[in-house]
Amino acid sequence: VEEGRDPNSCHRTALDAAPDLLQDAAAFVTDYGSGGVYPCSAHQDELAEIGRAADANWLQDEAITGFGRTGRWFAFQRGSERPDFVALGKGLTAGYAPGGALVLSESIVAALDGQRWATFSTWRGHTLSIEAISATLRVIADDELIERAAALGTLISARLKELASTHPSVTRIVGEGTVWNLELAGPAELSLAEWDGAAAIGAPSALLRSFALERGLLLRPLGPLGIWLLLPFTVSETVLERALVALDESLTELDAEPKSMVPAGQAGGDTA
Ligand SMILES: Cc1ncc(COP(=O)(O)O)c(C=O)c1O
């Protein structure tokens with residue numbers, strides 16, 4: 001879901017640059033969690049084709065988006081192309097023990113057949129982590145948490161759209177399931193490096209975070225203009241409602257901050 005500006009503009013910019021960028025690349029990584037970049041399925045499939053034509057492997061990072069957060073088991077399942085590698089973490093153990101994994105496609109496994117393949121780590125295959133992984137997968141399926149994340153996504157999407165349409169300090173909302181980004185209005189003429197300095201003296205995301213904290217809501221700024229909302233998909237609707245009310249009030253306070261306001265049309269920037 002994209003609200004607030006033309007999603008195709010940043011998608012096209014990234015895709016148009018991809019053939020040149022990937023010409024001598026061994027691989028490229030996609031991560032839909034960080035930075036508010038949520039390509040649509042057509043974008044993902046087109047990028048996969050460009051990668052294949054350049055003979056560059058596609059590594060999809062699902063450390064954040066894996067295991068139901070987008071309302072599907074994995075974010076990449078939105079498209080029809082499939083990655084060569086999928087990196088897993090976080091949700092793999094639901095945080096109850098350290099655990100990560102790298103999944104290889106059949107063609108990568110075939111390419112490695114007969115090759116020497118050895119990795120070593122003190123904690124590999126640790127019983128506690130393996131038990132945590134098994135239990136997590138069982139609970140996600142038994143408690144229908146993926147379906148729940150999808151339903152929460154519908155609810156959150158509707159509420160965030162309302163917030164985006166009523167608060168001038170919100171320029172864009174993007175996300176699905178329980179992974180969302182809010183983009184806030186700010187002086188678009190500043191480069192990201194300049195903004196890093198500005199963050200120390202009160203960038204919009206830092207201001208919003210402090211307004212929300214006063215209301216008992218902990219927000220994570222993502223750069224000077226981004227706010228990352230990563231809800232546990234076990235969140236009750238009562239707690240979610242309290243969080244959204246606190247966010248609404250905090251945005252009202254941010255709307256009144258002269259520093260964060262820019263004329264319409266100048267907000268945002270290319271996040272691709
Ligand atoms: C998208 C993403 N990928 C990878 C990592 C690193 O994962 P790990 O600590 O399991 O190696 C993180 C965060 O810590 C992340 O947010």
# chains A, B, ... in the order shown; residues from 1 in each chain; ligands from 1
>>> closest_atom_pairs(of="chain A", to="ligand 1", cutoff="6 Å", atoms="only C-alpha atoms and all ligand atoms", output="JSON lines")
{"residue": "A:Asp31", "atom": "CA", "partner": "ligand 1", "partner_atom_place_in_ligand_line": "1 (C)", "distance": 5.8}
{"residue": "A:Gly33", "atom": "CA", "partner": "ligand 1", "partner_atom_place_in_ligand_line": "1 (C)", "distance": 5.8}
{"residue": "A:Asp61", "atom": "CA", "partner": "ligand 1", "partner_atom_place_in_ligand_line": "3 (N)", "distance": 5.7}
{"residue": "A:Ala63", "atom": "CA", "partner": "ligand 1", "partner_atom_place_in_ligand_line": "3 (N)", "distance": 4.7}
{"residue": "A:Ile64", "atom": "CA", "partner": "ligand 1", "partner_atom_place_in_ligand_line": "1 (C)", "distance": 5.2}
{"residue": "A:Gly89", "atom": "CA", "partner": "ligand 1", "partner_atom_place_in_ligand_line": "10 (O)", "distance": 4.5}
{"residue": "A:Gly100", "atom": "CA", "partner": "ligand 1", "partner_atom_place_in_ligand_line": "10 (O)", "distance": 5.5}
>>> select_by_dssp(residues="segment 139-224 of chain A", states="strand (DSSP E or B)", output="list of chain:residue names")
A:Val170, A:Thr171, A:Arg172, A:Ile173, A:Val174, A:Gly175, A:Glu176, A:Val179, A:Trp180, A:Asn181, A:Leu182, A:Glu183, A:Leu184, A:Arg220, A:Pro221
>>> closest_atom_pairs(of="segment 48-109 of chain A", to="segment 149-173 of chain A", cutoff="7 Å", atoms="only C-alpha atoms", output="Markdown table")
| residue | atom | partner | partner_atom | distance |
| --- | --- | --- | --- | --- |
| A:Gly68 | CA | A:Ala149 | CA | 6.6 |
| A:Arg69 | CA | A:Ala149 | CA | 6.2 |
| A:Thr70 | CA | A:Ala150 | CA | 6.8 |
| A:Gly71 | CA | A:Ala150 | CA | 4.0 |
>>> atom_distance(atom1="atom CA of Glu106 of chain A", atom2="atom CA of Ala53 of chain A")
18.6 Å
>>> residues_around(residues="Leu88 of chain A", least_positions_apart="6", cutoff="12 Å", atoms="only C-alpha atoms", output="PyMOL selection string")
chain A and resi 31+59-67+73-75+94+98-104+133
>>> closest_residue(among="A:Thr234, A:Thr127, A:Ser121, A:Asn57", to="Ile108 of chain A", atoms="only C-alpha atoms")
A:Asn57
>>> closest_residue(among="A:Leu222, A:Leu230, A:Ala17, A:Val239", to="Leu208 of chain A", atoms="only C-alpha atoms")
A:Leu222
>>> atom_distance(atom1="atom CA of Glu214 of chain A", atom2="atom CA of Glu253 of chain A")
11.5 Å
>>> residues_around(residues="Pro204 of chain A", least_positions_apart="6", cutoff="7 Å", atoms="only C-alpha atoms", output="MDAnalysis selection string")
chainID A and resid 184 186 224:225 260
>>> decode(residues="segment 162-255 of chain A", atoms="C-alpha atoms", output="compact mmCIF listing (two decimals), in the first residue's frame")
# COMPACT_ATOMS: atom_id res chain seq x y z
CA GLU A 162 -6.77 8.60 7.73
CA LEU A 163 -3.75 10.01 9.58
CA ALA A 164 -1.97 10.75 6.28
CA SER A 165 -5.00 12.64 4.97
CA THR A 166 -5.54 14.70 8.13
CA HIS A 167 -1.94 15.55 9.11
CA PRO A 168 0.08 17.79 6.78
CA SER A 169 3.28 16.54 8.43
CA VAL A 170 2.75 13.06 6.88
CA THR A 171 3.83 12.86 3.23
CA ARG A 172 3.56 9.15 2.62
CA ILE A 173 2.64 5.90 4.31
CA VAL A 174 3.89 2.61 3.02
CA GLY A 175 3.73 -0.95 4.26
CA GLU A 176 1.71 -4.09 4.70
CA GLY A 177 0.78 -6.45 7.51
CA THR A 178 2.55 -5.22 10.64
CA VAL A 179 5.52 -3.48 8.93
CA TRP A 180 4.86 0.20 8.20
CA ASN A 181 6.78 3.38 7.48
CA LEU A 182 5.57 6.93 7.86
CA GLU A 183 7.40 9.58 5.88
CA LEU A 184 7.28 13.06 7.31
CA ALA A 185 7.47 16.47 5.68
CA GLY A 186 10.85 18.16 5.84
CA PRO A 187 13.07 20.45 3.82
CA ALA A 188 13.60 18.36 0.70
CA GLU A 189 16.43 20.56 -0.47
CA LEU A 190 18.74 19.25 2.25
CA SER A 191 20.85 16.21 1.44
CA LEU A 192 20.70 13.17 3.72
CA ALA A 193 24.15 14.06 5.11
CA GLU A 194 22.95 17.55 6.01
CA TRP A 195 19.88 16.04 7.55
CA ASP A 196 21.99 13.79 9.77
CA GLY A 197 23.31 16.96 11.36
CA ALA A 198 19.81 18.40 11.50
CA ALA A 199 18.58 15.29 13.32
CA ALA A 200 20.61 16.34 16.36
CA ILE A 201 18.76 19.66 16.59
CA GLY A 202 15.31 18.20 16.06
CA ALA A 203 14.45 16.59 12.75
CA PRO A 204 10.73 15.77 12.30
CA SER A 205 11.22 12.09 13.18
CA ALA A 206 13.09 12.97 16.38
CA LEU A 207 10.40 15.50 17.34
CA LEU A 208 7.61 13.00 16.70
CA ARG A 209 9.42 10.40 18.75
CA SER A 210 9.62 12.75 21.74
CA PHE A 211 5.96 13.81 21.40
CA ALA A 212 4.91 10.15 21.28
CA LEU A 213 7.10 9.18 24.22
CA GLU A 214 5.22 11.70 26.38
CA ARG A 215 2.09 9.69 25.54
CA GLY A 216 3.61 6.30 26.32
CA LEU A 217 4.29 5.33 22.69
CA LEU A 218 7.83 4.38 21.69
CA LEU A 219 8.51 5.13 18.01
CA ARG A 220 11.63 4.30 16.04
CA PRO A 221 12.93 7.09 13.80
CA LEU A 222 14.37 5.89 10.52
CA GLY A 223 16.51 8.79 9.40
CA PRO A 224 15.33 12.39 9.79
CA LEU A 225 12.01 11.99 7.95
CA GLY A 226 11.05 8.36 8.55
CA ILE A 227 9.23 6.56 11.32
CA TRP A 228 9.23 2.83 11.45
CA LEU A 229 6.23 1.02 12.89
CA LEU A 230 6.94 -2.65 13.57
CA LEU A 231 4.11 -4.08 15.58
CA PRO A 232 4.19 -7.49 17.22
CA PHE A 233 1.47 -9.43 15.46
CA THR A 234 0.18 -10.62 18.79
CA VAL A 235 -0.76 -7.00 19.65
CA SER A 236 -4.31 -6.71 21.01
CA GLU A 237 -6.71 -4.39 19.22
CA THR A 238 -7.08 -2.36 22.44
CA VAL A 239 -3.33 -1.70 22.67
CA LEU A 240 -3.17 -0.98 18.92
CA GLU A 241 -5.98 1.55 19.28
CA ARG A 242 -4.17 3.30 22.16
CA ALA A 243 -1.00 3.46 20.05
CA LEU A 244 -2.86 4.94 17.07
CA VAL A 245 -4.56 7.57 19.24
CA ALA A 246 -1.16 8.52 20.71
CA LEU A 247 0.30 8.70 17.19
CA ASP A 248 -2.60 10.86 16.01
CA GLU A 249 -2.12 13.31 18.92
CA SER A 250 1.66 13.38 18.42
CA LEU A 251 1.22 14.17 14.72
CA THR A 252 -1.10 17.05 15.64
CA GLU A 253 1.73 18.43 17.75
CA LEU A 254 4.20 17.92 14.89
CA ASP A 255 1.84 19.69 12.44
